[in-house]
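File shown: target-v3.txt. Contents: compact mmCIF, C-alpha atoms and all ligand atoms.
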```txt
# COMPACT_ATOMS: atom_id res chain seq x y z
CA MET A 281 -12.63 -37.00 25.47
CA THR A 282 -11.86 -33.83 27.47
CA ASP A 283 -13.29 -30.32 27.67
CA LYS A 284 -11.24 -27.12 27.68
CA ASN A 285 -10.46 -27.52 31.40
CA GLY A 286 -9.04 -30.95 30.79
CA SER A 287 -12.03 -32.66 32.43
CA ALA A 288 -13.31 -35.86 30.89
CA GLN A 289 -16.55 -35.27 29.00
CA GLN A 290 -19.39 -37.74 29.15
CA PRO A 291 -20.10 -39.20 25.70
CA ASN A 292 -23.55 -38.09 24.60
CA TYR A 293 -25.36 -41.44 24.32
CA ASP A 294 -29.01 -42.22 24.87
CA ILE A 295 -29.47 -45.63 26.46
CA SER A 296 -32.78 -46.20 24.66
CA LYS A 297 -30.88 -46.12 21.35
CA PHE A 298 -28.65 -49.10 22.27
CA LYS A 299 -28.59 -51.85 19.62
CA LEU A 300 -27.73 -55.31 20.94
CA THR A 301 -25.08 -57.37 19.14
CA LYS A 302 -24.41 -60.11 21.70
CA ILE A 303 -25.20 -61.19 25.26
CA LEU A 304 -21.78 -61.58 26.89
CA ASN A 305 -22.78 -62.93 30.27
CA ASN A 306 -26.12 -63.67 31.94
CA ASN A 307 -25.40 -64.23 35.63
CA THR A 308 -28.52 -65.68 37.22
CA VAL A 309 -26.97 -65.71 40.72
CA ARG A 310 -25.99 -62.03 40.73
CA LYS A 311 -29.05 -61.23 38.58
CA SER A 312 -26.96 -59.25 36.14
CA ILE A 313 -26.58 -59.31 32.38
CA ALA A 314 -23.71 -57.88 30.32
CA LEU A 315 -24.57 -56.80 26.77
CA LEU A 316 -22.43 -55.86 23.81
CA GLY A 317 -23.79 -53.53 21.17
CA THR A 318 -23.58 -50.08 19.61
CA PHE A 319 -25.20 -46.67 19.78
CA PRO A 320 -25.80 -46.41 15.99
CA ASP A 321 -26.95 -42.79 16.18
CA ILE A 322 -23.41 -41.87 17.34
CA SER A 323 -21.28 -44.51 15.67
CA GLU A 324 -21.84 -47.81 13.86
CA VAL A 325 -18.34 -49.02 14.69
CA ASP A 326 -17.63 -48.03 18.31
CA GLN A 327 -18.64 -50.88 20.58
CA ALA A 328 -20.68 -50.28 23.75
CA LEU A 329 -21.19 -52.34 26.88
CA VAL A 330 -24.38 -52.12 28.91
CA ILE A 331 -24.50 -54.01 32.20
CA PHE A 332 -27.86 -54.34 33.96
CA GLU A 333 -27.98 -55.53 37.57
CA LYS A 334 -31.05 -55.94 39.76
CA ASN A 335 -30.58 -54.01 42.98
CA ALA A 336 -30.43 -55.64 46.41
CA PHE A 337 -33.37 -55.03 48.74
CA THR A 338 -33.27 -51.95 50.95
CA GLU A 339 -34.72 -52.59 54.40
CA SER A 340 -36.56 -49.27 54.49
CA ASP A 341 -38.57 -50.37 51.41
CA VAL A 342 -40.27 -53.19 53.36
CA GLN A 343 -41.35 -51.18 56.43
CA THR A 344 -45.04 -51.18 57.23
CA ASP A 345 -45.03 -48.60 60.04
CA GLY A 346 -45.55 -45.60 57.78
CA SER A 347 -41.90 -44.50 58.20
CA THR A 348 -41.40 -44.52 54.43
CA ASP A 349 -43.54 -43.10 51.62
CA LYS A 350 -42.42 -45.91 49.29
CA SER A 351 -43.03 -49.48 50.36
CA PHE A 352 -43.54 -52.86 48.73
CA PHE A 353 -46.65 -53.10 50.94
CA SER A 354 -48.55 -50.22 49.37
CA SER A 355 -51.75 -50.00 47.37
CA LYS A 356 -49.56 -49.12 44.37
CA THR A 357 -48.17 -52.67 44.32
CA LYS A 358 -49.90 -54.85 41.73
CA THR A 359 -50.19 -58.49 42.75
CA ASN A 360 -50.71 -61.33 40.26
CA VAL A 361 -51.56 -64.67 41.81
CA GLU A 362 -49.59 -67.58 40.31
CA PHE A 363 -51.22 -70.27 42.46
CA LEU A 364 -52.66 -70.89 45.91
CA ASN A 365 -52.45 -74.33 47.48
CA ASN A 366 -53.38 -75.03 51.07
CA ILE A 367 -51.16 -72.82 53.26
CA TYR A 368 -48.89 -71.84 50.32
CA GLY A 369 -49.22 -68.90 47.97
CA SER A 370 -47.09 -67.90 44.98
CA PHE A 371 -47.34 -64.39 43.49
CA GLN A 372 -45.65 -61.99 41.11
CA CYS A 373 -45.63 -58.56 42.76
CA ILE A 374 -45.08 -55.47 40.66
CA PRO A 375 -44.21 -52.62 43.04
CA GLU A 376 -44.23 -48.97 41.98
CA SER A 377 -41.49 -48.21 39.45
CA ASP A 378 -39.18 -46.30 41.87
CA LEU A 379 -38.73 -49.51 43.86
CA ASN A 380 -37.81 -51.41 40.76
CA CYS A 381 -34.72 -49.54 39.51
CA ILE A 382 -32.06 -51.49 37.67
CA LYS A 383 -28.46 -50.46 38.25
CA THR A 384 -27.02 -49.78 34.81
CA THR A 385 -23.37 -49.39 33.87
CA VAL A 386 -22.35 -48.25 30.41
CA VAL A 387 -18.82 -48.43 29.02
CA TYR A 388 -18.58 -46.46 25.81
CA PRO A 389 -16.56 -46.69 23.70
CA ALA A 390 -15.54 -50.14 25.01
CA THR A 391 -12.16 -51.64 24.14
CA ASP A 392 -11.59 -55.35 23.39
CA LYS A 393 -10.15 -55.61 26.92
CA HIS A 394 -13.41 -54.33 28.44
CA ILE A 395 -15.40 -56.83 26.35
CA GLU A 396 -13.07 -59.61 27.51
CA LYS A 397 -13.53 -58.54 31.17
CA TYR A 398 -17.33 -58.73 31.03
CA SER A 399 -17.58 -61.97 28.98
CA ILE A 400 -18.01 -65.40 30.51
CA HIS A 401 -14.87 -67.57 30.45
CA ALA A 402 -13.36 -70.66 31.97
CA LYS A 403 -10.89 -69.64 34.69
CA HIS A 404 -7.44 -71.00 35.53
CA LEU A 405 -5.13 -70.43 38.50
CA ILE A 406 -1.53 -69.32 37.98
CA ALA A 407 1.00 -69.44 40.83
CA GLU A 408 2.95 -66.27 40.11
CA THR A 409 6.49 -66.40 41.52
CA PRO A 410 8.43 -63.10 41.78
CA ALA A 411 10.42 -64.09 38.67
CA LEU A 412 7.28 -64.87 36.69
CA TYR A 413 5.86 -61.52 37.80
CA GLU A 414 8.96 -59.63 36.63
CA ASN A 415 9.36 -61.51 33.38
CA ILE A 416 5.83 -62.19 32.22
CA THR A 417 3.13 -60.30 34.12
CA LEU A 418 5.00 -56.99 34.33
CA THR A 419 6.07 -57.11 30.69
CA TYR A 420 2.47 -57.81 29.72
CA LEU A 421 1.18 -54.98 31.92
CA LYS A 422 3.55 -52.44 30.43
CA SER A 423 1.87 -52.83 27.05
CA SER A 424 -1.63 -53.97 27.91
CA GLN A 425 -3.68 -52.46 30.69
CA PHE A 426 -6.84 -50.42 31.16
CA SER A 427 -6.51 -46.65 31.09
CA LEU A 428 -6.25 -45.01 34.52
CA ASP A 429 -7.82 -41.73 33.36
CA TRP A 430 -10.91 -42.29 35.52
CA VAL A 431 -8.65 -42.71 38.59
CA TYR A 432 -6.73 -39.49 37.88
CA ASN A 433 -10.03 -37.67 37.25
CA ILE A 434 -11.10 -38.62 40.79
CA LEU A 435 -7.75 -37.72 42.40
CA GLU A 436 -7.67 -34.38 40.56
CA HIS A 437 -11.32 -33.59 41.44
CA LYS A 438 -12.39 -33.51 37.80
CA GLN A 439 -15.07 -36.20 38.14
CA GLU A 440 -17.20 -37.72 40.93
CA THR A 441 -16.08 -34.92 43.29
CA GLU A 442 -19.49 -34.62 44.93
CA ARG A 443 -19.41 -38.37 45.69
CA ILE A 444 -16.24 -38.22 47.81
CA VAL A 445 -16.94 -39.59 51.30
CA PHE A 446 -13.53 -38.77 52.78
CA GLU A 447 -10.21 -37.41 51.57
CA ASP A 448 -6.76 -37.12 53.12
CA PRO A 449 -4.80 -34.97 50.64
CA ASP A 450 -1.35 -35.95 51.97
CA PRO A 451 0.79 -36.97 48.94
CA GLU A 452 2.46 -39.86 50.83
CA ILE A 453 -0.21 -41.32 53.09
CA GLY A 454 -3.34 -39.68 51.65
CA PHE A 455 -6.22 -41.20 49.69
CA VAL A 456 -9.74 -40.57 48.38
CA LEU A 457 -12.63 -42.71 49.65
CA LEU A 458 -15.73 -42.80 47.45
CA PRO A 459 -18.53 -45.11 46.27
CA ASP A 460 -17.42 -47.80 43.85
CA LEU A 461 -19.00 -48.03 40.42
CA LYS A 462 -20.44 -51.40 41.55
CA TRP A 463 -22.59 -49.85 44.32
CA ASP A 464 -26.17 -48.73 43.64
CA GLY A 465 -25.53 -45.86 46.10
CA ARG A 466 -28.58 -46.49 48.27
CA THR A 467 -28.59 -50.04 49.70
CA ILE A 468 -26.44 -49.61 52.82
CA GLU A 469 -26.37 -53.39 53.37
CA ALA A 470 -24.55 -53.70 50.01
CA LEU A 471 -22.29 -50.65 50.57
CA TYR A 472 -19.18 -50.73 48.36
CA LEU A 473 -16.54 -48.00 48.64
CA LEU A 474 -13.12 -47.67 47.11
CA ALA A 475 -10.03 -46.01 48.66
CA ILE A 476 -7.70 -44.71 45.94
CA VAL A 477 -4.22 -43.64 47.08
CA HIS A 478 -2.76 -40.29 46.03
CA LYS A 479 0.67 -41.82 45.39
CA ARG A 480 0.95 -42.77 41.73
CA ASP A 481 3.88 -45.17 41.81
CA ILE A 482 2.23 -48.21 43.44
CA LYS A 483 0.69 -50.46 40.82
CA SER A 484 -0.58 -53.24 43.05
CA LEU A 485 0.02 -55.41 46.08
CA ARG A 486 3.29 -56.57 44.44
CA ASP A 487 4.86 -53.09 44.83
CA LEU A 488 4.11 -52.80 48.55
CA ASN A 489 6.86 -52.88 51.19
CA SER A 490 7.18 -51.81 54.81
CA SER A 491 7.74 -48.14 53.81
CA HIS A 492 4.04 -48.14 52.84
CA LEU A 493 2.81 -49.19 56.30
CA PRO A 494 1.87 -45.62 57.37
CA LEU A 495 -0.21 -45.29 54.17
CA LEU A 496 -1.95 -48.64 54.69
CA LYS A 497 -2.65 -47.98 58.36
CA ASN A 498 -4.01 -44.53 57.54
CA ILE A 499 -6.40 -46.04 54.97
CA ARG A 500 -7.51 -48.69 57.46
CA ASP A 501 -8.08 -46.30 60.36
CA SER A 502 -9.38 -43.17 58.60
CA GLY A 503 -11.44 -45.23 56.14
CA ARG A 504 -13.18 -47.17 58.88
CA ARG A 505 -13.82 -43.99 60.89
CA ALA A 506 -15.33 -42.19 57.88
CA ILE A 507 -17.64 -45.15 57.12
CA GLU A 508 -18.79 -45.41 60.72
CA GLU A 509 -19.55 -41.67 60.85
CA LYS A 510 -21.37 -41.48 57.51
CA TYR A 511 -23.12 -44.86 57.26
CA GLY A 512 -23.23 -46.04 60.89
CA ILE A 513 -21.46 -49.32 60.09
CA PRO A 514 -19.04 -50.26 62.91
CA ALA A 515 -15.36 -50.96 62.13
CA SER A 516 -15.85 -54.61 63.11
CA GLN A 517 -18.24 -55.07 60.18
CA ILE A 518 -16.11 -53.58 57.41
CA ARG A 519 -14.16 -55.87 55.10
CA MET A 520 -11.10 -54.17 53.50
CA TYR A 521 -9.10 -55.89 50.80
CA PHE A 522 -6.96 -55.69 47.67
CA HIS A 523 -7.56 -57.60 44.46
CA TYR A 524 -4.72 -59.50 42.84
CA GLN A 525 -4.55 -59.24 39.89
CA PRO A 526 -6.54 -56.01 39.93
CA SER A 527 -8.12 -54.67 36.75
CA PHE A 528 -6.60 -51.22 37.34
CA TYR A 529 -2.93 -50.86 38.26
CA HIS A 530 -3.06 -47.87 40.62
CA LEU A 531 -3.24 -48.96 44.24
CA HIS A 532 -6.78 -49.06 45.63
CA ILE A 533 -8.60 -50.88 48.40
CA HIS A 534 -12.13 -52.27 48.39
CA PHE A 535 -14.41 -51.64 51.41
CA ASN A 536 -17.70 -53.45 51.98
CA PRO A 537 -19.71 -54.94 54.88
CA VAL A 538 -18.82 -58.49 55.98
CA GLY A 539 -22.51 -59.35 55.93
CA ASN A 540 -22.70 -58.89 52.17
CA ASP A 541 -21.14 -61.18 49.55
CA ALA A 542 -19.77 -58.44 47.29
CA PRO A 543 -18.63 -59.42 43.79
CA GLY A 544 -14.95 -60.43 43.74
CA ILE A 545 -14.50 -61.46 47.39
CA TRP A 546 -13.28 -64.96 46.47
CA CYS A 547 -10.15 -66.18 48.26
CA GLU A 548 -8.27 -66.58 44.94
CA LYS A 549 -8.58 -62.84 44.26
CA SER A 550 -8.78 -61.02 47.60
CA HIS A 551 -6.06 -60.10 50.11
CA MET A 552 -7.28 -58.62 53.39
CA LEU A 553 -5.72 -55.25 54.24
CA GLU A 554 -5.10 -56.41 57.82
CA THR A 555 -3.16 -59.47 56.62
CA VAL A 556 -1.14 -57.38 54.16
CA ILE A 557 -0.17 -54.97 56.96
CA ASN A 558 0.81 -57.86 59.19
CA ASN A 559 2.87 -59.59 56.46
CA LEU A 560 4.80 -56.37 55.81
CA GLU A 561 5.42 -55.90 59.54
CA LEU A 562 6.88 -59.40 59.72
CA VAL A 563 8.84 -59.32 56.43
CA SER A 564 9.40 -55.88 54.94
CA ASP A 565 9.68 -57.11 51.31
CA TYR A 566 7.11 -59.90 51.67
CA TYR A 567 5.31 -59.14 48.39
CA LYS A 568 8.57 -58.97 46.44
CA ARG A 569 9.37 -62.53 47.60
CA ALA A 570 5.98 -64.18 47.74
CA THR A 571 4.40 -66.51 45.22
CA ILE A 572 0.93 -65.08 44.70
CA PRO A 573 -1.71 -67.13 42.92
CA PHE A 574 -4.10 -65.34 40.62
CA VAL A 575 -6.94 -66.20 38.29
CA ALA A 576 -6.59 -65.81 34.55
CA TYR A 577 -9.43 -66.54 32.20
CA GLU A 578 -9.54 -68.16 28.77
CA GLY A 579 -9.47 -65.61 26.00
CA ASN A 580 -7.10 -63.39 27.99
CA LYS A 581 -3.73 -62.94 26.30
CA LEU A 582 -1.91 -63.15 29.62
CA LEU A 583 -3.07 -66.75 30.05
CA ASP A 584 -1.94 -67.64 26.50
CA ILE A 585 1.47 -66.07 27.19
CA TYR A 586 1.85 -68.01 30.45
CA ASP A 587 0.82 -71.24 28.71
CA GLU A 588 3.35 -70.82 25.94
CA GLU A 589 6.22 -69.54 28.08
CA LEU A 590 5.85 -72.27 30.67
CA ASN A 591 5.70 -74.93 27.93
CA VAL A 592 8.86 -73.58 26.29
CA ARG A 593 10.63 -73.66 29.63
CA LYS A 594 9.51 -77.21 30.25
CA LYS A 595 10.82 -78.30 26.84
CA LEU A 596 14.17 -76.56 27.41
CA LYS A 597 14.25 -78.10 30.90
CA LEU A 598 14.63 -74.62 32.40
CA ASP A 599 13.57 -73.85 35.92
CA GLU A 600 10.18 -72.09 35.71
CA ASN A 601 11.80 -68.98 37.15
CA GLU A 602 14.45 -68.79 34.45
CA LEU A 603 13.70 -66.74 31.42
CA THR A 604 14.14 -68.00 27.91
CA PRO A 605 16.44 -65.53 26.12
CA THR A 606 13.76 -64.27 23.71
CA SER A 607 11.05 -64.06 26.32
CA GLU A 608 10.45 -60.32 26.54
CA ASP A 609 10.38 -59.90 22.76
CA SER A 610 8.09 -62.85 22.30
CA ILE A 611 5.70 -61.53 24.94
CA ASN A 612 5.55 -58.13 23.25
CA ALA A 613 5.00 -59.78 19.87
CA LYS A 614 2.06 -61.74 21.27
CA ILE A 615 0.46 -58.65 22.79
CA GLU A 616 0.68 -56.79 19.45
P1 LIG B 701 -10.08 -53.82 40.59
O1 LIG B 701 -9.76 -54.79 41.65
O2 LIG B 701 -8.95 -53.14 39.87
O3 LIG B 701 -10.99 -54.43 39.46
O4 LIG B 701 -10.99 -52.71 41.26
P2 LIG B 701 -12.27 -55.36 39.51
O5 LIG B 701 -12.80 -55.41 40.88
O6 LIG B 701 -13.22 -54.66 38.53
O7 LIG B 701 -11.80 -56.66 38.99
C1 LIG B 701 -11.32 -51.52 40.61
C2 LIG B 701 -12.61 -51.02 41.20
O8 LIG B 701 -12.87 -49.74 40.63
C3 LIG B 701 -13.79 -51.91 40.84
O9 LIG B 701 -14.45 -52.30 42.03
C4 LIG B 701 -14.65 -51.03 39.93
O10 LIG B 701 -16.03 -51.26 40.10
C5 LIG B 701 -14.25 -49.63 40.36
N1 LIG B 701 -14.40 -48.63 39.29
C6 LIG B 701 -14.06 -48.80 37.99
N2 LIG B 701 -14.33 -47.65 37.31
C7 LIG B 701 -14.06 -47.46 35.89
C8 LIG B 701 -14.82 -46.73 38.20
C9 LIG B 701 -15.24 -45.38 38.08
O11 LIG B 701 -15.22 -44.74 37.02
N3 LIG B 701 -15.65 -44.78 39.23
C10 LIG B 701 -15.70 -45.45 40.43
N4 LIG B 701 -16.16 -44.79 41.50
N5 LIG B 701 -15.30 -46.74 40.57
C11 LIG B 701 -14.85 -47.38 39.46
```

Write out the structure in this file as structure tokens.
Ligand code: M7G
Amino acid sequence: MTDKNGSAQQPNYDISKFKLTKILNNNTVRKSIALLGTFPDISEVDQALVIFEKNAFTESDVQTDGSTDKSFFSSKTKTNVEFLNNIYGSFQCIPESDLNCIKTTVVYPATDKHIEKYSIHAKHLIAETPALYENITLTYLKSSQFSLDWVYNILEHKQETERIVFEDPDPEIGFVLLPDLKWDGRTIEALYLLAIVHKRDIKSLRDLNSSHLPLLKNIRDSGRRAIEEKYGIPASQIRMYFHYQPSFYHLHIHFNPVGNDAPGIWCEKSHMLETVINNLELVSDYYKRATIPFVAYEGNKLLDIYDEELNVRKKLKLDENELTPTSEDSINAKIE
């Protein structure tokens, strides 16, 4: 959906009109719930995702020194006693509504791939050799990946322009740094920014080589500086990393504070920027030669393709890096 200037237009949905079809994932640890449904007043067929997430606490909301006009410790907070026993008390506090916001993400219209991403699944690890990347993952990616329109909208200043924290416009080593969709935008302790490179020919970690070192070092140094200046978080407390596999195949780097367990920081998915720089300094084509494990989840076609291809190879007694002659065609057939 674009307007006459080519900018993406926001679909005109009203969240109160959402009609639930299915709960996809209720994460009690992250206190988030992913819902599948529709906005029937716009379309009965287009699927919509609504993701609710309770916000982390903001330290300024618990001050009692009068430094904030909104506090949990105010007369506006309603307190229901659950029980009192000796020195212990259990309550349900209902603070004023502004302190009780729920971060809400809507994806509309949502594709089957979006629904898959937000559903709960059993996960499996795949050790992706360079040959498996070339022959299976890359073939799969060419025909099945999320649209990058939102990324180009940011790089071309068509959307989220006022949210940009820092930009280096250089086409080779430049990037845009801005708040990630996952951040509520106010809880500094849970800060989550994304650096998106201007170069458009780097899909992921796999495409990096030593010629990209100036770009990576620029993101590390300028990104850290910008965060320190704007949010007062010192460089020593910023975690910077890539995801592999990412959801979006245009190179980007995640930034968040080491003191906060951001979603997706698990060791099977994250690659620290500092380590990546060091690996490329030691071996210039490290990521072309490395076996990189990644997590695939049940229900994802990529896992089915890996399962089948690796079984065929086993039966034909082929080395796992050799391709069966019909491989590319069979992968494309499975994606369709
Ligand atoms: P990823 O590693 O490709 O995917 O990171 P994953 O972390 O979701 O598995 C892409 C990052 O881009 C994620 O952290 C998303 O939250 C973020 N993101 C996605 N979208 C669609 C947007 C968007 O429209 N705006 C912004 N600012 N961030 C987004």

Output as JSON lines one row per residue of chain A within 6 Å of ligand LIG 701 (chain B): the closest atom pair and its distance in Å to one decimal place, counting all atoms listed in the file, sorted by chain and residue number ascending.
```
{"residue": "A:Trp430", "atom": "CA", "partner": "B:LIG701", "partner_atom": "O11", "distance": 5.2}
{"residue": "A:Pro459", "atom": "CA", "partner": "B:LIG701", "partner_atom": "N4", "distance": 5.3}
{"residue": "A:Asp460", "atom": "CA", "partner": "B:LIG701", "partner_atom": "N4", "distance": 4.0}
{"residue": "A:Leu461", "atom": "CA", "partner": "B:LIG701", "partner_atom": "N5", "distance": 3.9}
{"residue": "A:Lys462", "atom": "CA", "partner": "B:LIG701", "partner_atom": "O10", "distance": 4.6}
{"residue": "A:His523", "atom": "CA", "partner": "B:LIG701", "partner_atom": "O1", "distance": 4.5}
{"residue": "A:Pro526", "atom": "CA", "partner": "B:LIG701", "partner_atom": "O2", "distance": 3.7}
{"residue": "A:Ser527", "atom": "CA", "partner": "B:LIG701", "partner_atom": "O2", "distance": 3.6}
{"residue": "A:Phe528", "atom": "CA", "partner": "B:LIG701", "partner_atom": "O2", "distance": 4.0}
```

*Considering all atoms listed in the file, state which residue in the set A:Ser427, A:Asn498, A:Asn335, A:Leu560 is at the smallest distance from A:Lys393.*
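Answer, going by the shortest atom-to-atom distance: A:Ser427.
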
*May I have the protein, DNA and RNA residues with an atom at most 8 Å from (-26.3, -59.8, 24.5), counting all atoms listed in the file in the file's coordinates, returned as a list in words?*
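Within 8 Å of (-26.3, -59.8, 24.5), the protein and nucleic acid residues are Leu300, Thr301, Lys302, Ile303, Leu304, Asn305, Ile313, Ala314, Leu315, Leu316 and Gly317 of chain A.
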
Taking C-alpha atoms for each residue, export the selection above as a PDB file, in the coordinates of the input.
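Here's the written file result.pdb:
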```pdb
ATOM      1  CA  LEU A 300     -27.730 -55.310  20.940  1.00  0.00           C
ATOM      2  CA  THR A 301     -25.080 -57.370  19.140  1.00  0.00           C
ATOM      3  CA  LYS A 302     -24.410 -60.110  21.700  1.00  0.00           C
ATOM      4  CA  ILE A 303     -25.200 -61.190  25.260  1.00  0.00           C
ATOM      5  CA  LEU A 304     -21.780 -61.580  26.890  1.00  0.00           C
ATOM      6  CA  ASN A 305     -22.780 -62.930  30.270  1.00  0.00           C
ATOM      7  CA  ILE A 313     -26.580 -59.310  32.380  1.00  0.00           C
ATOM      8  CA  ALA A 314     -23.710 -57.880  30.320  1.00  0.00           C
ATOM      9  CA  LEU A 315     -24.570 -56.800  26.770  1.00  0.00           C
ATOM     10  CA  LEU A 316     -22.430 -55.860  23.810  1.00  0.00           C
ATOM     11  CA  GLY A 317     -23.790 -53.530  21.170  1.00  0.00           C
TER      12      GLY A 317
END
```

Give me, as JSON lines, each residue of stretch 485-575 of chain A that comes within 10 Å of stretch 463-481 of chain A, together with its shortest interatomic pair and the distance in Å at one decimal, counting all atoms listed in the file, with rows ordered by chain and rising residue number.
```
{"residue": "A:Asp487", "atom": "CA", "partner": "A:Asp481", "partner_atom": "CA", "distance": 8.5}
{"residue": "A:Leu495", "atom": "CA", "partner": "A:Val477", "partner_atom": "CA", "distance": 8.3}
{"residue": "A:Leu496", "atom": "CA", "partner": "A:Val477", "partner_atom": "CA", "distance": 9.4}
{"residue": "A:Ile499", "atom": "CA", "partner": "A:Ala475", "partner_atom": "CA", "distance": 7.3}
{"residue": "A:Arg500", "atom": "CA", "partner": "A:Ala475", "partner_atom": "CA", "distance": 9.5}
{"residue": "A:Gly503", "atom": "CA", "partner": "A:Ala475", "partner_atom": "CA", "distance": 7.7}
{"residue": "A:Ile507", "atom": "CA", "partner": "A:Leu473", "partner_atom": "CA", "distance": 9.0}
{"residue": "A:Tyr511", "atom": "CA", "partner": "A:Ile468", "partner_atom": "CA", "distance": 7.3}
{"residue": "A:Gly512", "atom": "CA", "partner": "A:Ile468", "partner_atom": "CA", "distance": 9.4}
{"residue": "A:Ile513", "atom": "CA", "partner": "A:Ile468", "partner_atom": "CA", "distance": 8.8}
{"residue": "A:Ile518", "atom": "CA", "partner": "A:Leu471", "partner_atom": "CA", "distance": 9.7}
{"residue": "A:Arg519", "atom": "CA", "partner": "A:Tyr472", "partner_atom": "CA", "distance": 9.9}
{"residue": "A:Met520", "atom": "CA", "partner": "A:Leu474", "partner_atom": "CA", "distance": 9.3}
{"residue": "A:Tyr521", "atom": "CA", "partner": "A:Leu474", "partner_atom": "CA", "distance": 9.9}
{"residue": "A:Tyr529", "atom": "CA", "partner": "A:Asp481", "partner_atom": "CA", "distance": 9.6}
{"residue": "A:His530", "atom": "CA", "partner": "A:Arg480", "partner_atom": "CA", "distance": 6.6}
{"residue": "A:Leu531", "atom": "CA", "partner": "A:Val477", "partner_atom": "CA", "distance": 6.1}
{"residue": "A:His532", "atom": "CA", "partner": "A:Ile476", "partner_atom": "CA", "distance": 4.5}
{"residue": "A:Ile533", "atom": "CA", "partner": "A:Ala475", "partner_atom": "CA", "distance": 5.1}
{"residue": "A:His534", "atom": "CA", "partner": "A:Leu474", "partner_atom": "CA", "distance": 4.9}
{"residue": "A:Phe535", "atom": "CA", "partner": "A:Leu473", "partner_atom": "CA", "distance": 5.0}
{"residue": "A:Asn536", "atom": "CA", "partner": "A:Tyr472", "partner_atom": "CA", "distance": 4.8}
{"residue": "A:Pro537", "atom": "CA", "partner": "A:Leu471", "partner_atom": "CA", "distance": 6.6}
{"residue": "A:Val538", "atom": "CA", "partner": "A:Glu469", "partner_atom": "CA", "distance": 9.5}
{"residue": "A:Gly539", "atom": "CA", "partner": "A:Glu469", "partner_atom": "CA", "distance": 7.5}
{"residue": "A:Asn540", "atom": "CA", "partner": "A:Ala470", "partner_atom": "CA", "distance": 5.9}
{"residue": "A:Asp541", "atom": "CA", "partner": "A:Ala470", "partner_atom": "CA", "distance": 8.2}
{"residue": "A:Ala542", "atom": "CA", "partner": "A:Ala470", "partner_atom": "CA", "distance": 7.3}
{"residue": "A:Pro543", "atom": "CA", "partner": "A:Tyr472", "partner_atom": "CA", "distance": 9.8}
```

*atom CA of A:Val309 to atom CA of A:Ser550: how many Å, to one decimal?*
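Between these atoms lies a distance of 20.0 Å.
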